[in-house]
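Chemist: To start, I am sharing the structure in question, which I have written as structure tokens.
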Amino acid sequence: MKHRAQYFNRLGWWLKEARANFYPRRLTLNDIKILERSFPYFQNLNPTHKEEFMQKLSRILSVKEFIGRGGIEEVTPEMEVLIGSTIVMVTFGWRRIRLPHFDKILIYPNAYYSSITKSYHRGEVNPKYGIIVVSWSCFLDGMKDNHDGVNLGIHEIAHALKLENQIYYNGESEFFNPLAWSSYQELVGPEMVKIEAGKSSIFRGAAGLNEHEFFAVALENFFERPKTFFDYHPKLYGTLVQLLRQDPRVWLK
């Protein structure tokens, strides 16, 4: 049954890719205006990298399905562009990484109740069903302050990225440099101990819960305040530069 499910997942991914080749979701002038107005990472790119970013975003929007939940009857271009751009930003260091396992993005208006965990969530990643879930209001809150190291979109995409690296049947896996990953892991443990002990750290308390949360919080800081992160822990920052194949400090003006 497992191999059969993997086969159909692989087939579904291939069909989406084929459809995207014939019917791409091309960016409109309004989409580009949203990028220029609301996505600082894109704003800071040079013209060549902006073109690359837009090409990758077009592909992401072509292969992902954005679905409104909890009263959202229409997914707006702003929702698609900003969530899609967060995926592109996190994966920008690779030529062709699109997180194919996570082909559905569910968007709730606010924090939502999960019947599985019996609690409210701002966002989550569900590898069983291949979905990324975000609360739109919380997603926008994360973008209001671009330098506080708290960003729901980056957080959930980080979880998806880490999981995608371990999924072996979808055409994308083991894209993390193994030496860089090993170096990263060696540095994580001591930092988590520091957080758990309540000592001063650039990372908020959630990073001390487990290694998955640490990775997600680390990426929030990596993209939102890279210079502060580098000054705090240059070795840890350097391992993420190697893992993600980019250095956000380069884009800062």
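We name chains A, B, ... following the order of the structure tokens; residues begin at 1 in each chain, and ligands are numbered from 1 as shown.
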Once DSSP has gone over the backbone, tell me which residues of region 4-177 of chain A are in strand (DSSP E), as a ChimeraX atom specification.
Modeler: /A:65-68,104-108,112-114,119-121,123-126,131-135
Chemist: Tell me, as a CSV table (one decimal) with N, CA, C and O atoms, in the first residue's frame, which residues lie within 9 Å of Lys235 (chain A), counting only C-alpha atoms; anything in the same chain fewer than 5 positions away does not count.
Modeler:
```csv
chain,number,residue,atom,x,y,z
A,183,SER,N,27.4,19.8,10.5
A,183,SER,CA,28.0,21.0,11.2
A,183,SER,C,26.9,21.7,11.9
A,183,SER,O,27.0,22.2,13.1
A,184,TYR,N,25.7,21.9,11.2
A,184,TYR,CA,24.6,22.6,11.8
A,184,TYR,C,24.1,21.8,13.0
A,184,TYR,O,23.9,22.4,14.1
A,187,LEU,N,25.9,22.3,16.3
A,187,LEU,CA,25.8,23.6,17.0
A,187,LEU,C,24.4,23.8,17.6
A,187,LEU,O,24.3,24.6,18.5
A,230,PHE,N,24.2,36.8,12.5
A,230,PHE,CA,25.6,36.5,12.2
A,230,PHE,C,26.4,37.0,13.4
A,230,PHE,O,27.4,36.3,13.8
A,240,LEU,N,23.9,27.6,8.0
A,240,LEU,CA,22.6,27.8,7.3
A,240,LEU,C,22.9,28.5,5.9
A,240,LEU,O,22.2,28.2,4.9
```
Chemist: With distances taken over only C-alpha atoms, which of A:Gln185, A:Thr86, A:Gln166, A:Ser201 is nearest to Gly142 (chain A)?
Modeler: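 Looking only at the distances to Gly142 (chain A), the closest residue turns out to be A:Thr86.
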Chemist: Which polymer residues have any atom within 9 Å of an atom of Gly171 (chain A), counting only C-alpha atoms, with same-chain residues fewer than 2 positions away left out, as an NGL selection string?
Modeler: :A and (10 or 100 or 167-169 or 173)
Chemist: Write out as a list of chain:residue names the residues lying within 8 Å of region 157-165 of chain A, counting only C-alpha atoms and excluding same-chain residues fewer than 2 positions away.
Modeler: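 So the residues in contact are A:Thr86, A:Ile87, A:Val90, A:Leu99, A:His101, A:Phe102, A:Val125, A:Pro127, A:Ile132, A:Gly153, A:Ile154, A:His155, A:Ile167, A:Tyr168, A:Glu172, A:Ser173, A:Glu174, A:Phe175, A:Phe176, A:His212, A:Glu213, A:Phe215, A:Ala216, A:Leu219.
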Chemist: Under the rule that only C-alpha atoms are counted, which of A:Gly68, A:Gly149, A:Gly93, A:Gly198 is the nearest residue to Trp136 (chain A)?
Modeler: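 Nearest to Trp136 (chain A): A:Gly68.
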Chemist: If we count only C-alpha atoms and set the cut-off at 8 Å, which residues sit around Arg122 (chain A), ignoring sequence neighbours fewer than 6 positions away in its own chain? Please answer as a VMD selection string.
Modeler: chain A and resid 110 to 112 134 to 135 138 152
Chemist: For Glu74 (chain A), which residue among A:Tyr108, A:Lys56, A:Val150, A:Met192 is the nearest when counting only C-alpha atoms?
Modeler: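 Using only C-alpha atoms, Glu74 (chain A) sits closest to A:Tyr108.
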Chemist: Pick out the residues sitting within 12 Å of Lys227 (chain A), and hand them over as a list in words; count only C-alpha atoms, and ignore anything fewer than 3 positions along from it in its own chain.
Modeler: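 Contacts, in chain order: His147, Gly149, Ile202, Asn221, Phe222, Phe223, Glu224, Phe230, Asp231, Tyr232, His233, Pro234, Tyr237, Gly238, Asp247, Pro248, Arg249, Val250, Trp251, Leu252 and Lys253 of chain A.
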